[in-house]
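Data first, discussion second: the structure below is written as structure tokens.
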Amino acid sequence: MTAFKLLLQKVPPERLFMGSVLLVNGGNYLYNLILGRLLGPEAFADAALLVTLLLVLSFLGMTFQLATAKFAVLFSESDWDAFQQLQYKYALTFGMVIGLLLFGSAENLSILFQTDSPLMFKTFAAAVPLYFFMSVNRGTYQGRQDYAKLSVTYQAEMWSRLVLTLVLLWLVPLSPAFLVALGIAISFVFGLIPTTFDSKRLFKKVRLSAPHKKRVMQFMVLTACYELTQIIINNSDVLMVKHYFDTLDAGLYASLALIGRVVYFVAWMFVMLLLPDVVQKQKNGEATAPVLFKYVGYIGFLSLGIVLSCALFPELIVQLMFGKAYLSIAPLLWQYALATSLFAISNIFAYYFLSLDEYRPVLMSGLIGVSQIGLIVFFHSSLQMVVGVQIIAMVFLLVIQLIYFLQKNQKT
């Protein structure tokens, strides 16, 4: 045990976090693969809808996490205490509003997405405030570059969700969709381990100055707008396919999305490392572009390998991950992986700009997100067409991000 601790101490925190994120992504994929095999395409469509809602929630939570991470670098002493109090207050208030809206809309959502019961939406809604509280915790660890504790909170959430959901599905004779929602809800409690605040500092009578509060609100609004575009781009296709296509096709497409998004999930790991690094270098007056180049290089290399693998061995990948029942979706695998790869690379650029308080890339991403929805609304005669229009939208988004970056660098 002592030798293991010594080994961990020698591993750089960034690499430890990267290894942890890869394990978390692997666990999340295992979770989805097991659900796909246990439930079959039709029942898996409802479970995949809950996973998509979880992704939407994670994007919303990133607003609080990234804001906390950024100002953990910039604030100290009483300013940090006041800011942290403000973040917890905002997070719990926003979480309760979202939870109540989701709970009240459960019946309509059940009709819209053709699910068996609204209970799964209500169960999910009840746990929403916990997720935003957890996001502030994570932002503190991220900003302070305490990657060991940041890793623990992600590991605790992922493993608890995996184990609890499987136990519930095997032992409890109730609706699978409800049991999946219950497993997700309980995992948020485990995600609060370890907690980051002490009650003395949290309830200390301090206030954030008006200029600092204005700066915080500007960044949070900017980040919230970008996360909204992320939700649209990364999840609208699954939701719209669930609406336009039958249950079987929706389940097949959900499996395609889970396999193809592996690039995006790994890119998220680099975003966690990029933001505090860029903010710290900007604060110190150092060049920030090399940080961007490093992570774009990582994602580009990874994306190339995944797209080529999906093009060369599509049936093998689909059969290994989901089984023979999903093989009809194999020809679309490399195309979806390409669309996701383009999005992941443009996403690195966008978070880089967010770190520097640049708002124009957010507007660009929003326009592309809306255009993607419009394209799917008008062009959805087949699943192949749905994937094709996404590739077009993502190429356009990446080109715009590159042009903006080149223009900014020419000026500086």
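Following the order of the structure tokens, chains are lettered A, B, ..., residues in each are numbered from 1, and ligands are numbered from 1.
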12 Å contact set for A:Phe301, only C-alpha atoms, chain neighbours under 4 positions out, as a PDB file with N, CA and C atoms, in the first residue's frame:
```pdb
ATOM      1  N   VAL A 263     -14.900  10.228 -28.969  1.00  0.00           N
ATOM      2  CA  VAL A 263     -13.942  11.320 -29.160  1.00  0.00           C
ATOM      3  C   VAL A 263     -14.321  12.502 -28.287  1.00  0.00           C
ATOM      4  N   VAL A 266     -13.531  12.040 -24.535  1.00  0.00           N
ATOM      5  CA  VAL A 266     -12.112  12.158 -24.218  1.00  0.00           C
ATOM      6  C   VAL A 266     -11.675  13.620 -24.355  1.00  0.00           C
ATOM      7  N   ALA A 267     -12.237  14.346 -25.319  1.00  0.00           N
ATOM      8  CA  ALA A 267     -11.907  15.768 -25.487  1.00  0.00           C
ATOM      9  C   ALA A 267     -12.276  16.559 -24.242  1.00  0.00           C
ATOM     10  N   LYS A 294      -1.351  22.429 -28.162  1.00  0.00           N
ATOM     11  CA  LYS A 294      -1.060  21.125 -27.563  1.00  0.00           C
ATOM     12  C   LYS A 294      -2.311  20.253 -27.505  1.00  0.00           C
ATOM     13  N   TYR A 295      -3.410  20.819 -27.021  1.00  0.00           N
ATOM     14  CA  TYR A 295      -4.618  20.011 -26.850  1.00  0.00           C
ATOM     15  C   TYR A 295      -5.343  19.751 -28.171  1.00  0.00           C
ATOM     16  N   VAL A 296      -5.270  20.683 -29.108  1.00  0.00           N
ATOM     17  CA  VAL A 296      -5.831  20.427 -30.439  1.00  0.00           C
ATOM     18  C   VAL A 296      -5.067  19.285 -31.108  1.00  0.00           C
ATOM     19  N   GLY A 297      -3.750  19.260 -30.910  1.00  0.00           N
ATOM     20  CA  GLY A 297      -2.950  18.165 -31.455  1.00  0.00           C
ATOM     21  C   GLY A 297      -3.348  16.823 -30.879  1.00  0.00           C
ATOM     22  N   GLY A 305      -7.408   8.424 -35.423  1.00  0.00           N
ATOM     23  CA  GLY A 305      -7.363   6.996 -35.136  1.00  0.00           C
ATOM     24  C   GLY A 305      -8.744   6.375 -34.981  1.00  0.00           C
ATOM     25  N   ILE A 306      -9.644   7.089 -34.317  1.00  0.00           N
ATOM     26  CA  ILE A 306     -10.989   6.552 -34.083  1.00  0.00           C
ATOM     27  C   ILE A 306     -11.806   6.499 -35.370  1.00  0.00           C
ATOM     28  N   VAL A 307     -11.734   7.555 -36.183  1.00  0.00           N
ATOM     29  CA  VAL A 307     -12.486   7.574 -37.446  1.00  0.00           C
ATOM     30  C   VAL A 307     -11.994   6.465 -38.374  1.00  0.00           C
ATOM     31  N   LEU A 308     -10.681   6.276 -38.454  1.00  0.00           N
ATOM     32  CA  LEU A 308     -10.135   5.212 -39.301  1.00  0.00           C
ATOM     33  C   LEU A 308     -10.567   3.838 -38.793  1.00  0.00           C
ATOM     34  N   SER A 341     -15.852  14.140 -34.148  1.00  0.00           N
ATOM     35  CA  SER A 341     -14.454  14.577 -34.099  1.00  0.00           C
ATOM     36  C   SER A 341     -14.325  16.048 -34.478  1.00  0.00           C
ATOM     37  N   ALA A 344     -15.539  18.009 -31.587  1.00  0.00           N
ATOM     38  CA  ALA A 344     -14.612  17.978 -30.455  1.00  0.00           C
ATOM     39  C   ALA A 344     -13.454  18.955 -30.656  1.00  0.00           C
ATOM     40  N   ILE A 345     -12.917  19.028 -31.868  1.00  0.00           N
ATOM     41  CA  ILE A 345     -11.806  19.944 -32.143  1.00  0.00           C
ATOM     42  C   ILE A 345     -12.270  21.391 -32.049  1.00  0.00           C
TER      43      ILE A 345
END
```
So which residues touch stretch 121-124 of chain A within 9 Å, counting only C-alpha atoms, skipping near sequence neighbours fewer than 2 positions away, as a PyMOL selection string? chain A and resi 50+53-54+99+102-107+109-110+117-119+126-128+178+181-182+184-185
Residue neighbourhood A:Lys408, 12 Å, only C-alpha atoms, exclusion window fewer than 5 positions, as a list in words: Ala289, Phe353, Leu356, Glu358, Arg360, Pro361, Gln401, Leu402 and Ile403 of chain A
Can you spit out the residues from that selection as a PDB file, in the first residue's frame, using N, CA and C atoms?
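For reference, out_39.pdb as written:
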```pdb
ATOM      1  N   ALA A 289      -1.531  30.632 -26.597  1.00  0.00           N
ATOM      2  CA  ALA A 289      -1.757  29.833 -27.806  1.00  0.00           C
ATOM      3  C   ALA A 289      -1.070  28.471 -27.765  1.00  0.00           C
ATOM      4  N   PHE A 353     -11.375  30.195 -26.143  1.00  0.00           N
ATOM      5  CA  PHE A 353     -11.886  31.571 -26.241  1.00  0.00           C
ATOM      6  C   PHE A 353     -12.673  31.944 -24.983  1.00  0.00           C
ATOM      7  N   LEU A 356     -10.615  33.165 -22.237  1.00  0.00           N
ATOM      8  CA  LEU A 356     -10.111  34.527 -22.462  1.00  0.00           C
ATOM      9  C   LEU A 356     -11.234  35.559 -22.530  1.00  0.00           C
ATOM     10  N   GLU A 358     -13.827  35.728 -24.544  1.00  0.00           N
ATOM     11  CA  GLU A 358     -14.227  36.077 -25.912  1.00  0.00           C
ATOM     12  C   GLU A 358     -15.650  35.570 -26.152  1.00  0.00           C
ATOM     13  N   ARG A 360     -17.650  36.146 -29.168  1.00  0.00           N
ATOM     14  CA  ARG A 360     -18.096  35.905 -30.548  1.00  0.00           C
ATOM     15  C   ARG A 360     -18.158  34.420 -30.919  1.00  0.00           C
ATOM     16  N   PRO A 361     -17.191  33.598 -30.515  1.00  0.00           N
ATOM     17  CA  PRO A 361     -17.309  32.166 -30.830  1.00  0.00           C
ATOM     18  C   PRO A 361     -18.564  31.523 -30.255  1.00  0.00           C
ATOM     19  N   GLN A 401     -14.356  28.718 -36.530  1.00  0.00           N
ATOM     20  CA  GLN A 401     -13.492  28.833 -35.352  1.00  0.00           C
ATOM     21  C   GLN A 401     -12.041  29.089 -35.763  1.00  0.00           C
ATOM     22  N   LEU A 402     -11.572  28.392 -36.788  1.00  0.00           N
ATOM     23  CA  LEU A 402     -10.197  28.568 -37.265  1.00  0.00           C
ATOM     24  C   LEU A 402      -9.982  29.980 -37.808  1.00  0.00           C
ATOM     25  N   ILE A 403     -10.924  30.469 -38.579  1.00  0.00           N
ATOM     26  CA  ILE A 403     -10.813  31.815 -39.142  1.00  0.00           C
ATOM     27  C   ILE A 403     -10.763  32.854 -38.025  1.00  0.00           C
TER      28      ILE A 403
END
```
What's around stretch 380-392 of chain A at 12 Å? Count only C-alpha atoms, leave out sequence neighbours fewer than 2 positions away in its own chain, and write the answer as a PyMOL selection string. chain A and resi 232-246+248-254+256-257+260+328-343+368-378+394-399
In terms of the shortest atom-to-atom distance over only C-alpha atoms, which of A:Val180, A:Leu316, A:Met217, A:Val271 is closest to A:Tyr298?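 Among A:Val180, A:Leu316, A:Met217, A:Val271, it is A:Val271 that comes nearest to A:Tyr298.
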What separates atom CA of A:Leu327 and atom CA of A:Glu315 is a distance of 6.2 Å
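For the pair atom CA of A:Ile186 and atom CA of A:Asn28, the interatomic distance is 15.5 Å.
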Just want the 12 Å neighbourhood of A:Phe133, counted on only C-alpha atoms, with same-chain residues fewer than 4 positions away dropped. Output as an NGL selection string. :A and (58 or 60-65 or 68 or 84-96 or 127-129 or 137-140 or 188-189 or 191-193 or 195-197)
Enumerate as a PyMOL selection string all residues of stretch 194-250 of chain A assigned to helix (DSSP H, G or I) by DSSP on the backbone, naming them with the chain letters and numbers the document uses. chain A and resi 199-202+210-244+247-250
Which residues are close to A:Gly366, i.e. within 9 Å by only C-alpha atoms, leaving aside same-chain residues fewer than 6 positions away? Reply as a PyMOL selection string. chain A and resi 225-226+228-230+232-233
Determine the nearest neighbour of A:Asn409 from the options A:Gln218, A:Ser209, A:Thr288, A:Ser309, counting only C-alpha atoms. A:Thr288
